[in-house]
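Trainee: First, the structure itself, so that you have it in front of you.
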Amino acid sequence: MARGRLRIYLGAAPGVGKTYAMLSEAHRRVERGTDCVVAFVEHHDRPRTEVMLHGLEQIRRKELEYRDMDIDAVLARAPRVALVDELAHTNIPGSRNAKRWQDVEELLAAGIDVISTVNIQHLESLGDVVESITGVRQQERVPDEVVRRADQIELVDMSPQALRRRMAHGNIYKPDKVDAALSKYFRPGNLTALRELALLWVADRVDEYLNAYRSEHEVSTIWGSRERIVVGLTGGPEGRTLIRRAARLAEKGAGGEVLAVYIARTDGLTSSSPKELAVQRGLVEDLGGTFHHVVGDDIPAALLAFARGVNATQIVLGVSRRKSWQYVLGPGVGATVARESGPDLDVHLITHDEAGKGRGGLPVARSARLGRARIIRGWLVGALGPVVLTVLLTHVAPEVGLANDMLLYLSLTVAAALLGGLLPALASAVVGSLLLNWFFTPPVHTLTIADPKNIVAIAIFIGVAVSVASVVDLAARRTHQAARLRAESEILSFLAGNVLRGETSLEALLERVRETFGMESVALLERESDVNPWTCAGSVGPRPCRNPDDADVEVPVGDHMALALTGRVLPAEDRRVLAAFAAQSAVVLDRQRLRHEADRAKELAEGNRIRTALLAAVSHDLRTPLAGIKASVSSLRSDDVAWSEEDRAELLEAIEEGADRLDLLVGNLLDMSRLQTGTVTPLIREIDLDEVVPMALGGVPEGSAELDVPETLPMVAVDKGLLERVVANVVENAVKYSPRDEPVLVSASAIADRVEVRVVDRGPGVPDEAKERIFAPFQRYGDAPRGAGVGLGLAVARGFAEAMGGTISAEDTPGGGLTMVLSLRVAAGGGGDDGRLIGQTARGSA
């Protein structure tokens, strides 16, 4: 069964029209005859949205605590298209999946197309950014990858001014909520920032689609849809200047991107410092760019190929560090790139402090493998040089002498060897010896040599010429091999360092393989045995192969794993590095799986510990109040004892106290269970502390706590029920350990954008090493009696506090004792008066 297609309407804020656009699309599809149903749509009492539901088939909702989507009913109905609103919604307890996006994944797997909606603030990666902008922490989150995998993402855009007008007209919230919403969450600054986030996020997705299209259709020309600036690095100190200049250029264009590339090969770009490259990598990543490491035989060609491959619009290079005389050996990388870049790629040559200081060591051309232009020059010197020299010697200086003539011809042979290698030098030696014999060795104009001494001289001349040519050619080949091995060692060293530190994921490592060798796609394939089919453990690039036999390059890793690459056939000398990459890929895959297993084992161990403690609590702590209740009831039911009214009242009081204790213990156990399973979803609203804290003291004896909560404190963004439970648990714990004649002090004060509630007792206190341990489940510090509880009060208090975005910690009380500090967020820049819920439900209150 083919997987369904997902279409998402993305908005910057509530009320921009996502649901309306989704319903409009549904009507268009129904008119075209498509089987389209409404699986779940929340109209929020907005008249225009509610009208759009008319004429569409709606799946009956499942009745739990409130009506929610019935995924089983949708699967049973099996429509062609299902409308599922609010992709980031958290399902209520009792649902098959915790999140609605997981329901959507089931529908897609069943072959049902889904149209959904989501706001930009609900994306997991943007949670902290949105909180810093609006002051509201979004509890409803959806992984970015779920939205990114959508087949189509459509931005529903609206200017902040238009959205605020819609709000003022009552098209989004009820009239009594409009003023608070406009003054808090829907402020122009908030809406502008959220809109920019949405536009940039969608722009990145469009960019991904564009790259996929260019790769699929093999488009090599540059499309300047956005500014991409490639920085060519040599590993020298000037790289930092180039990166900063490129970042400034990127800032001038909206959405500009910086890609720093280091190309390792046989010329000056390989004479780099690994430490300096690491610094430059950190710098470019700090500036929001990316670092790439590529191997190429020709620096200008490799740099231009990389730039065109990433659809770059500009290249930033530094002015050459070579000295003036070294330009005789070639124009240099910068000039070559500028000449061959074409009209669609701008090249910037940036001056820097290292310009003209030289690279150190041999000049660039001496350390490079012989190129085509250099070989041509060698042949010209080797073949034409002796002819030109012969003309000069016969017409300009005919009386130089045979010995000097031989030295001059030998100089040409050495020059041909230095320029073109062995073959041009041999040609120079042969041509030179023939010309020397014909024109300058008696008898002239014949190939006969009269004097035997001249025969020995010419033989020595030929031997020296061949020897020099061989040495020069061997040196050039050894230089090339050494430079390539150096480039390989740098890549392997960098790779091993990242993998050993655990900094590289499998996908990042495979992407590095693809970039380094210029392949189309890379996949790590594995199978359980020789007869089982191959499965893909990880892949990058378009159309990765699913079988090693279909790959252009296959590198086995053990008996049942292989690295498969498509794009081109690699030379044998590249396979050594590729084999190291393949081995590292297997190591990274094993590490990821071991980490996953370790996490699972940790969860199981924690669950076992909780269950063991729970059994201990049930077997002892819960039996204590039950035993007291049973004894009192048995005594009251006894017929052989005549109880007085005072005795009966005392027994009934014991029953009531035991039931209260039992209720408290069971409540804490249930609360801890909800925290462990993540089903606590707070209902965040603006609350005055003086409305909640006094109610939390109802469970402690009268006079055991003093209250100091000023009425002038700012309102806090909390769940009223959860806050009451947090304060009650902390105060009851403090009263339990505080002396009877020293009441617990409960005070509150405002500090910056937080409000602190401090519960101060004069008990025995807790040492520093145990201050965090007392918040762990089933922990009781000191000599607390077994019947005093199961040790969950503070654990539940911390869990509820963190669920509301607060914190709770323990400090020493000056003069002795313990102070619990509960820190809560001030309700500014968003909150509850506009009627918005940080979660969409209120199922977390106690």
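Chain labels run A, B, ... following the order of the structure tokens; each chain numbers its residues from 1, and ligands are numbered from 1 in the order shown.
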Please provide as an MDAnalysis selection string all residues within 9 Å of Asp144 (chain A), with the sequence filter that same-chain residues fewer than 4 positions apart are discarded (counting only C-alpha atoms).

Mentor: chainID A and resid 123:126 148:149

Trainee: Fewer than 4 positions away in the same chain doesn't count, so skip those; otherwise give me all residues within 9 Å of Ile59 (chain A), counting only C-alpha atoms, as an mmCIF file with C-alpha atoms, in the first residue's frame.

Mentor:
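Written output follows (part.cif):
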data_model
loop_
_atom_site.group_PDB
_atom_site.id
_atom_site.type_symbol
_atom_site.label_atom_id
_atom_site.label_comp_id
_atom_site.auth_asym_id
_atom_site.auth_seq_id
_atom_site.Cartn_x
_atom_site.Cartn_y
_atom_site.Cartn_z
ATOM 1 C CA VAL A 37 -13.775 13.811 5.343
ATOM 2 C CA VAL A 38 -13.195 15.915 8.458
ATOM 3 C CA ALA A 39 -11.369 13.716 10.975
ATOM 4 C CA PHE A 40 -10.897 16.568 13.462
ATOM 5 C CA MET A 69 -10.439 12.505 17.153
ATOM 6 C CA ASP A 70 -11.392 8.836 16.830
ATOM 7 C CA ALA A 73 -13.229 5.449 13.080
ATOM 8 C CA VAL A 74 -11.158 7.331 10.491
ATOM 9 C CA ARG A 77 -13.964 4.877 7.063
#

Trainee: Counting only C-alpha atoms, which of A:Leu651, A:Tyr173, A:Leu410, A:Arg685 gets nearest to Ser635 (chain A)?

Mentor: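 Residue with the minimum atom-to-atom distance to Ser635 (chain A): A:Leu651.
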
Trainee: Skipping near chain neighbours, those fewer than 5 positions away, what residues fall within 6 Å of Leu565 (chain A) using only C-alpha atoms, listed as an MDAnalysis selection string?

Mentor: chainID A and resid 521:522 551:553

Trainee: I need the residues from that last selection saved to file as an mmCIF file, in the first residue's frame (with N, CA and C atoms), if you can.

Mentor:
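Listing of result34.cif after writing:
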data_model
loop_
_atom_site.group_PDB
_atom_site.id
_atom_site.type_symbol
_atom_site.label_atom_id
_atom_site.label_comp_id
_atom_site.auth_asym_id
_atom_site.auth_seq_id
_atom_site.Cartn_x
_atom_site.Cartn_y
_atom_site.Cartn_z
ATOM 1 N N SER A 521 25.050 9.888 -4.061
ATOM 2 C CA SER A 521 24.396 9.410 -2.849
ATOM 3 C C SER A 521 25.286 8.379 -2.178
ATOM 4 N N VAL A 522 25.098 8.233 -0.869
ATOM 5 C CA VAL A 522 25.850 7.262 -0.068
ATOM 6 C C VAL A 522 24.867 6.575 0.864
ATOM 7 N N ALA A 551 25.357 -0.346 -6.885
ATOM 8 C CA ALA A 551 26.193 0.814 -6.572
ATOM 9 C C ALA A 551 27.339 0.941 -7.565
ATOM 10 N N ASP A 552 27.784 2.171 -7.775
ATOM 11 C CA ASP A 552 28.986 2.399 -8.581
ATOM 12 C C ASP A 552 30.245 2.026 -7.810
ATOM 13 N N VAL A 553 30.209 2.217 -6.501
ATOM 14 C CA VAL A 553 31.336 1.844 -5.644
ATOM 15 C C VAL A 553 30.780 1.132 -4.421
#

Trainee: Return the single residue from A:Ala776, A:Leu589, A:Val755, A:Gly765 that is closest to Thr807 (chain A), with distances computed using only C-alpha atoms.

Mentor: A:Val755

Trainee: From a DSSP calculation on the backbone, collect every residue of region 382-444 of chain A in alpha helix (DSSP H) and output the set as a ChimeraX atom specification.

Mentor: /A:385-395,402-420,422-440

Trainee: Taking into account only C-alpha atoms, which residue in the set A:Val284, A:Arg637, A:Leu277, A:Gly4 is nearest to Arg244 (chain A)?

Mentor: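 Of the candidates, the smallest distance to Arg244 (chain A) is held by A:Val284.
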
Trainee: How far is it from CA of Val431 (chain A) to CA of Val387 (chain A), in Å with one decimal?

Mentor: 8.2 Å

Trainee: For Leu349 (chain A), which of A:Asp660, A:Val468, A:Val231, A:Ser433 is the closest residue, counting only C-alpha atoms?

Mentor: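 Counting only C-alpha atoms, the residue closest to Leu349 (chain A) is A:Val231.
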
Trainee: What's the 9 Å shell around Pro237 (chain A), counting only C-alpha atoms, without same-chain residues fewer than 3 positions away, as a ChimeraX atom specification?

Mentor: /A:234,240-241,276-277,280,354

Trainee: Distance CA of Ala427 (chain A)-CA of His445 (chain A), one decimal place?

Mentor: 20.8 Å
